[in-house]
file start_23.pdb (PDB, C-alpha atoms)
ATOM      1  CA  MET A 295      26.940   6.040  -7.919
ATOM      2  CA  ASN A 296      28.567   3.243  -9.901
ATOM      3  CA  ASP A 297      29.211   1.314  -6.672
ATOM      4  CA  MET A 298      25.546   1.662  -5.734
ATOM      5  CA  ARG A 299      24.539   0.160  -9.081
ATOM      6  CA  LYS A 300      26.920  -2.781  -8.554
ATOM      7  CA  ILE A 301      25.555  -3.394  -5.065
ATOM      8  CA  ASN A 302      22.037  -3.242  -6.460
ATOM      9  CA  ALA A 303      22.945  -5.760  -9.162
ATOM     10  CA  VAL A 304      24.229  -8.196  -6.536
ATOM     11  CA  LEU A 305      21.098  -7.606  -4.445
ATOM     12  CA  SER A 306      18.956  -8.206  -7.550
ATOM     13  CA  ALA A 307      20.605 -11.567  -8.129
ATOM     14  CA  LEU A 308      20.236 -12.545  -4.470
ATOM     15  CA  VAL A 309      16.589 -11.468  -4.412
ATOM     16  CA  MET A 310      15.954 -13.543  -7.534
ATOM     17  CA  ILE A 311      17.546 -16.631  -5.970
ATOM     18  CA  MET A 312      15.623 -16.161  -2.720
ATOM     19  CA  LEU A 313      12.442 -15.504  -4.687
ATOM     20  CA  PHE A 314      12.912 -18.859  -6.428
ATOM     21  CA  VAL A 315      13.342 -20.699  -3.127
ATOM     22  CA  HIS A 316      10.493 -18.836  -1.396
ATOM     23  CA  GLY A 317       8.246 -19.260  -4.428
ATOM     24  CA  ILE A 318       8.834 -22.993  -4.720
ATOM     25  CA  LEU A 319       8.305 -23.667  -1.006
ATOM     26  CA  GLY A 320       5.309 -21.341  -0.804
ATOM     27  CA  THR A 321       3.675 -22.845  -3.874
ATOM     28  CA  MET A 322       4.130 -26.333  -2.461
ATOM     29  CA  ASN A 323       2.491 -25.183   0.790
ATOM     30  CA  MET A 324      -0.461 -23.611  -1.054
ATOM     31  CA  LEU A 325      -0.947 -26.787  -3.074
ATOM     32  CA  GLY A 326      -1.124 -28.779   0.158
ATOM     33  CA  ALA A 327       2.252 -30.479  -0.064
ATOM     34  CA  ASP A 328       4.322 -30.572   3.071
ATOM     35  CA  SER A 329       7.390 -28.449   2.622
ATOM     36  CA  ALA A 330       9.994 -26.831   4.802
ATOM     37  CA  ASN A 331       9.208 -23.831   6.975
ATOM     38  CA  ASN A 332       9.345 -20.840   4.663
ATOM     39  CA  LYS A 333       9.320 -18.089   7.318
ATOM     40  CA  THR A 334      13.088 -17.530   7.574
ATOM     41  CA  ILE A 335      13.482 -17.566   3.803
ATOM     42  CA  ALA A 336      10.574 -15.126   3.480
ATOM     43  CA  TYR A 337      12.178 -12.694   5.937
ATOM     44  CA  ILE A 338      15.582 -12.903   4.231
ATOM     45  CA  THR A 339      13.886 -12.273   0.876
ATOM     46  CA  LEU A 340      11.996  -9.317   2.354
ATOM     47  CA  VAL A 341      15.175  -7.743   3.780
ATOM     48  CA  LEU A 342      17.084  -8.180   0.510
ATOM     49  CA  ALA A 343      14.129  -6.873  -1.530
ATOM     50  CA  SER A 344      13.810  -3.877   0.818
ATOM     51  CA  LEU A 345      17.489  -3.002   0.392
ATOM     52  CA  HIS A 346      17.084  -3.398  -3.374
ATOM     53  CA  ALA A 347      14.033  -1.101  -3.271
ATOM     54  CA  VAL A 348      15.822   1.588  -1.248
ATOM     55  CA  ILE A 349      18.741   1.649  -3.674
ATOM     56  CA  GLY A 350      16.292   1.641  -6.610
ATOM     57  CA  ILE A 351      14.489   4.644  -5.125
ATOM     58  CA  ILE A 352      17.777   6.517  -4.633
ATOM     59  CA  LEU A 353      18.854   5.789  -8.221
ATOM     60  CA  THR A 354      15.428   6.822  -9.544
ATOM     61  CA  ILE A 355      15.573  10.117  -7.627
ATOM     62  CA  GLN A 356      19.028  10.765  -9.083
ATOM     63  CA  THR A 357      17.668  10.059 -12.563
ATOM     64  CA  LEU A 358      14.698  12.376 -12.022
ATOM     65  CA  ARG A 359      17.045  15.153 -10.874
ATOM     66  CA  THR A 360      19.152  14.692 -14.002
ATOM     67  CA  ILE A 361      16.027  14.787 -16.169
ATOM     68  CA  HIS A 362      14.869  17.948 -14.401
ATOM     69  CA  LYS A 363      18.263  19.643 -14.861
ATOM     70  CA  SER A 364      18.486  18.718 -18.527
ATOM     71  CA  GLY A 365      14.864  19.559 -19.235
ATOM     72  CA  ALA A 366      14.539  16.557 -21.564
ATOM     73  CA  ALA A 367      12.683  13.506 -20.285
ATOM     74  CA  TYR A 368      12.529  11.459 -23.510
ATOM     75  CA  PHE A 369       9.712   9.459 -21.899
ATOM     76  CA  ARG A 370       8.892   7.470 -25.038
ATOM     77  CA  ASN A 371      12.540   6.557 -25.575
ATOM     78  CA  ASN A 372      12.809   5.333 -21.992
ATOM     79  CA  LEU A 373       9.645   3.252 -21.704
ATOM     80  CA  LEU A 374      11.555   0.158 -20.568
ATOM     81  CA  PHE A 375      13.268   2.187 -17.827
ATOM     82  CA  TRP A 376       9.883   3.448 -16.595
ATOM     83  CA  ALA A 377       8.324  -0.023 -16.853
ATOM     84  CA  ARG A 378      11.094  -1.258 -14.546
ATOM     85  CA  ARG A 379      10.515   1.571 -12.065
ATOM     86  CA  ILE A 380       6.709   1.342 -12.098
ATOM     87  CA  SER A 381       6.683  -2.453 -11.784
ATOM     88  CA  GLY A 382       9.175  -2.188  -8.915
ATOM     89  CA  PHE A 383       6.941   0.338  -7.181
ATOM     90  CA  LEU A 384       3.942  -1.976  -7.635
ATOM     91  CA  VAL A 385       5.943  -4.884  -6.214
ATOM     92  CA  MET A 386       6.766  -2.776  -3.131
ATOM     93  CA  ILE A 387       3.090  -2.007  -2.547
ATOM     94  CA  LEU A 388       1.879  -5.514  -3.277
ATOM     95  CA  ILE A 389       4.449  -7.115  -0.937
ATOM     96  CA  ILE A 390       2.418  -5.603   1.890
ATOM     97  CA  PHE A 391      -0.723  -7.290   0.543
ATOM     98  CA  HIS A 392       1.227 -10.528   0.084
ATOM     99  CA  MET A 393       2.344 -10.528   3.687
ATOM    100  CA  SER A 394      -1.103  -9.614   5.020
ATOM    101  CA  ALA A 395      -2.793 -12.253   2.856
ATOM    102  CA  LEU A 396      -0.734 -15.091   4.213
ATOM    103  CA  MET A 397       0.057 -14.135   7.782
ATOM    104  CA  THR A 398      -1.607 -12.233  10.575
ATOM    105  CA  SER A 399      -1.419 -12.350  14.323
ATOM    106  CA  SER A 400      -3.952 -13.160  16.991
ATOM    107  CA  ASP A 401      -3.884 -13.759  20.732
ATOM    108  CA  ASN A 402      -2.575 -17.269  20.063
ATOM    109  CA  GLY A 403       0.291 -16.145  17.823
ATOM    110  CA  LEU A 404       0.381 -16.337  14.038
ATOM    111  CA  ARG A 405      -2.527 -17.707  12.036
ATOM    112  CA  LEU A 406      -3.703 -17.613   8.457
ATOM    113  CA  PRO A 407      -6.427 -15.106   7.563
ATOM    114  CA  VAL A 408      -9.338 -16.067   5.353
ATOM    115  CA  PHE A 409      -8.137 -16.079   1.755
ATOM    116  CA  ASP A 410     -11.018 -14.308   0.009
ATOM    117  CA  GLU A 411     -11.468 -12.898  -3.522
ATOM    118  CA  PHE A 412      -9.733  -9.626  -2.668
ATOM    119  CA  ARG A 413      -6.664 -11.468  -1.410
ATOM    120  CA  LEU A 414      -6.623 -13.713  -4.483
ATOM    121  CA  ILE A 415      -6.759 -10.673  -6.787
ATOM    122  CA  THR A 416      -3.956  -8.902  -4.914
ATOM    123  CA  GLN A 417      -1.783 -12.013  -5.098
ATOM    124  CA  ILE A 418      -2.337 -12.405  -8.835
ATOM    125  CA  LEU A 419      -1.492  -8.704  -9.288
ATOM    126  CA  PHE A 420       1.611  -9.300  -7.169
ATOM    127  CA  VAL A 421       2.703 -12.164  -9.422
ATOM    128  CA  LEU A 422       2.014 -10.091 -12.556
ATOM    129  CA  SER A 423       4.035  -7.124 -11.285
ATOM    130  CA  LEU A 424       6.855  -9.466 -10.220
ATOM    131  CA  THR A 425       6.788 -11.051 -13.665
ATOM    132  CA  LEU A 426       7.088  -7.695 -15.422
ATOM    133  CA  HIS A 427       9.775  -6.486 -13.002
ATOM    134  CA  VAL A 428      11.918  -9.628 -13.201
ATOM    135  CA  ILE A 429      11.632 -10.094 -16.966
ATOM    136  CA  SER A 430      12.410  -6.450 -17.728
ATOM    137  CA  ASN A 431      15.458  -6.498 -15.453
ATOM    138  CA  VAL A 432      17.131  -9.797 -16.391
ATOM    139  CA  LYS A 433      19.319  -8.353 -19.155
ATOM    140  CA  PRO A 434      20.526  -5.327 -17.152
ATOM    141  CA  VAL A 435      21.502  -7.591 -14.250
ATOM    142  CA  LEU A 436      23.398  -9.937 -16.574
ATOM    143  CA  ILE A 437      25.130  -6.961 -18.211
ATOM    144  CA  SER A 438      26.126  -5.576 -14.807
ATOM    145  CA  PHE A 439      27.865  -8.889 -14.064
ATOM    146  CA  GLY A 440      29.727  -8.648 -17.362
ATOM    147  CA  ILE A 441      28.051 -11.713 -18.846
ATOM    148  CA  LYS A 442      28.479 -11.976 -22.579
ATOM    149  CA  ASN A 443      26.110 -13.689 -25.003
ATOM    150  CA  LEU A 444      22.999 -12.518 -23.141
ATOM    151  CA  ARG A 445      20.276 -14.050 -25.249
ATOM    152  CA  PRO A 446      20.535 -17.723 -24.176
ATOM    153  CA  LYS A 447      21.198 -16.934 -20.501
ATOM    154  CA  ALA A 448      18.455 -14.314 -20.288
ATOM    155  CA  GLY A 449      16.085 -16.655 -22.114
ATOM    156  CA  ASP A 450      16.753 -19.450 -19.628
ATOM    157  CA  ILE A 451      16.250 -17.178 -16.623
ATOM    158  CA  ILE A 452      13.062 -15.697 -18.073
ATOM    159  CA  PHE A 453      11.736 -19.173 -18.902
ATOM    160  CA  TRP A 454      12.304 -20.553 -15.387
ATOM    161  CA  CYS A 455      11.000 -17.365 -13.733
ATOM    162  CA  SER A 456       7.881 -17.584 -15.886
ATOM    163  CA  ILE A 457       7.356 -21.235 -14.935
ATOM    164  CA  LEU A 458       7.803 -20.433 -11.245
ATOM    165  CA  LEU A 459       5.468 -17.436 -11.350
ATOM    166  CA  LEU A 460       2.852 -19.411 -13.296
ATOM    167  CA  ALA A 461       3.089 -22.178 -10.675
ATOM    168  CA  ALA A 462       2.690 -19.559  -7.929
ATOM    169  CA  THR A 463      -0.426 -18.206  -9.643
ATOM    170  CA  ILE A 464      -1.856 -21.718  -9.857
ATOM    171  CA  GLY A 465      -0.914 -22.213  -6.199
ATOM    172  CA  PHE A 466      -2.812 -19.061  -5.189
ATOM    173  CA  ILE A 467      -5.876 -20.192  -7.158
ATOM    174  CA  VAL A 468      -5.791 -23.681  -5.612
ATOM    175  CA  TYR A 469      -5.282 -22.119  -2.166
ATOM    176  CA  TYR A 470      -8.295 -19.868  -2.748
ATOM    177  CA  ILE A 471     -10.425 -22.854  -3.826
ATOM    178  CA  ARG A 472      -9.313 -24.777  -0.733
ATOM    179  CA  TRP A 473     -10.281 -21.826   1.505
ATOM    180  CA  MET A 474     -13.686 -21.515  -0.134
ATOM    181  CA  ALA A 475     -14.305 -25.248   0.440
ATOM    182  CA  VAL A 476     -13.768 -24.881   4.208
TER     183      VAL A 476
END

call {"tool": "encode", "arguments": {"input": "start_23.pdb", "output": "structure tokens"}}
result
Amino acid sequence: MNDMRKINAVLSALVMIMLFVHGILGTMNMLGADSANNKTIAYITLVLASLHAVIGIILTIQTLRTIHKSGAAYFRNNLLFWARRISGFLVMILIIFHMSALMTSSDNGLRLPVFDEFRLITQILFVLSLTLHVISNVKPVLISFGIKNLRPKAGDIIFWCSILLLAATIGFIVYYIRWMAV
């Protein structure tokens, strides 16, 4: 089980790095700036996030079994743990909406679907759940890598993640406005 947690920590770090790259390129695209093709990066991020989710589900099931055996959930004492699990679950669901909002197929190959109010709302919810999930998991990931003096490093990561996710939200809003103007 310890090895699974270490693998998940490495996956978490890789997902975060890929999320940064995908987020920056995607935001630039939504704002109308020409940027590199983001498809390969998106697929790599999706595969890494899927592996991270599978391991997270396995670890959560193990935790639930332990709670069931002990008979003591201590839900209030473990609110941060449950916030991490619930936000991760929301991210998994909203990834599907993210993919469907920005890519669909037709007879001519891939095309962009109309970006309506529903899609804008799902993308903002996606960013919010990502924000909660990333921010609540920064310290555990740093701890799993044995990093000492967490506060400044975690603060820097949270700051830059917040900036990126705010920019992505602005990008989605601008993208929505651009679609409505067409």

call {"tool": "resolve_selection", "arguments": {"input": "start_23.pdb", "expression": "the PyMOL selection byres ((chain A and resi 413) around 9)", "output": "PDB file with C-alpha atoms, in the frame of the given file"}}
result
ATOM      1  CA  PHE A 391      -0.723  -7.290   0.543  1.00  0.00           C
ATOM      2  CA  HIS A 392       1.227 -10.528   0.084  1.00  0.00           C
ATOM      3  CA  SER A 394      -1.103  -9.614   5.020  1.00  0.00           C
ATOM      4  CA  ALA A 395      -2.793 -12.253   2.856  1.00  0.00           C
ATOM      5  CA  LEU A 396      -0.734 -15.091   4.213  1.00  0.00           C
ATOM      6  CA  VAL A 408      -9.338 -16.067   5.353  1.00  0.00           C
ATOM      7  CA  PHE A 409      -8.137 -16.079   1.755  1.00  0.00           C
ATOM      8  CA  ASP A 410     -11.018 -14.308   0.009  1.00  0.00           C
ATOM      9  CA  GLU A 411     -11.468 -12.898  -3.522  1.00  0.00           C
ATOM     10  CA  PHE A 412      -9.733  -9.626  -2.668  1.00  0.00           C
ATOM     11  CA  LEU A 414      -6.623 -13.713  -4.483  1.00  0.00           C
ATOM     12  CA  ILE A 415      -6.759 -10.673  -6.787  1.00  0.00           C
ATOM     13  CA  THR A 416      -3.956  -8.902  -4.914  1.00  0.00           C
ATOM     14  CA  GLN A 417      -1.783 -12.013  -5.098  1.00  0.00           C
ATOM     15  CA  ILE A 418      -2.337 -12.405  -8.835  1.00  0.00           C
ATOM     16  CA  TYR A 470      -8.295 -19.868  -2.748  1.00  0.00           C
TER      17      TYR A 470
END

call {"tool": "residues_around", "arguments": {"input": "start_23.pdb", "residues": "Ser423 in chain A", "least_positions_apart": "5", "cutoff": "12 Å", "atoms": "only C-alpha atoms", "output": "list in words"}}
result
Ala377, Arg378, Arg379, Ile380, Ser381, Gly382, Phe383, Leu384, Val385, Met386, Ile387, Leu388, Ile389, Thr416, Gln417, Ile418, Val428, Ile429, Ser430 and Leu459 of chain A

call {"tool": "closest_residue", "arguments": {"input": "start_23.pdb", "among": "A:Ala336, A:Ile390, A:Ala462, A:Ala343", "to": "Ala307 in chain A", "atoms": "all atoms listed in the file"}}
result
A:Ala343

call {"tool": "closest_residue", "arguments": {"input": "start_23.pdb", "among": "A:Ser364, A:Asn372, A:Ser456, A:Ser438", "to": "Asn302 in chain A", "atoms": "all atoms listed in the file"}}
result
A:Ser438

call {"tool": "residues_around", "arguments": {"input": "start_23.pdb", "residues": "Phe314 in chain A", "least_positions_apart": "4", "cutoff": "12 Å", "atoms": "only C-alpha atoms", "output": "PyMOL selection string"}}
result
chain A and resi 307-310+318-321+332+335-336+339+424+428+451+454-459+461-462

call {"tool": "residues_around", "arguments": {"input": "start_23.pdb", "residues": "Phe439 in chain A", "least_positions_apart": "3", "cutoff": "12 Å", "atoms": "only C-alpha atoms", "output": "VMD selection string"}}
result
chain A and resid 299 to 307 432 to 436 442 444

call {"tool": "closest_residue", "arguments": {"input": "start_23.pdb", "among": "A:Val476, A:Met298, A:Ile467, A:Leu422", "to": "Val348 in chain A", "atoms": "only C-alpha atoms"}}
result
A:Met298

call {"tool": "atom_distance", "arguments": {"input": "start_23.pdb", "atom1": "CA of Tyr368 in chain A", "atom2": "CA of His427 in chain A"}}
result
21.0 Å

call {"tool": "atom_distance", "arguments": {"input": "start_23.pdb", "atom1": "CA of Ile352 in chain A", "atom2": "CA of Phe369 in chain A"}}
result
19.3 Å

call {"tool": "atom_distance", "arguments": {"input": "start_23.pdb", "atom1": "CA of Gly449 in chain A", "atom2": "CA of Leu426 in chain A"}}
result
14.4 Å

call {"tool": "closest_residue", "arguments": {"input": "start_23.pdb", "among": "A:Met474, A:Asn331, A:Phe375, A:Ile361", "to": "Asn431 in chain A", "atoms": "only C-alpha atoms"}}
result
A:Phe375

call {"tool": "closest_residue", "arguments": {"input": "start_23.pdb", "among": "A:Leu419, A:Met322, A:Trp376, A:Thr334", "to": "Thr357 in chain A", "atoms": "all atoms listed in the file"}}
result
A:Trp376

call {"tool": "closest_residue", "arguments": {"input": "start_23.pdb", "among": "A:Ala475, A:Met312, A:Val468, A:Val421", "to": "Ala327 in chain A", "atoms": "only C-alpha atoms"}}
result
A:Val468

call {"tool": "axis_aligned_box", "arguments": {"input": "start_23.pdb", "around": "range 374-382 of chain A", "padding_each_side": "8 Å", "output": "AutoDock Vina command-line options"}}
result
--center_x 10.0 --center_y 0.5 --center_z -14.7 --size_x 22.6 --size_y 21.9 --size_z 27.7
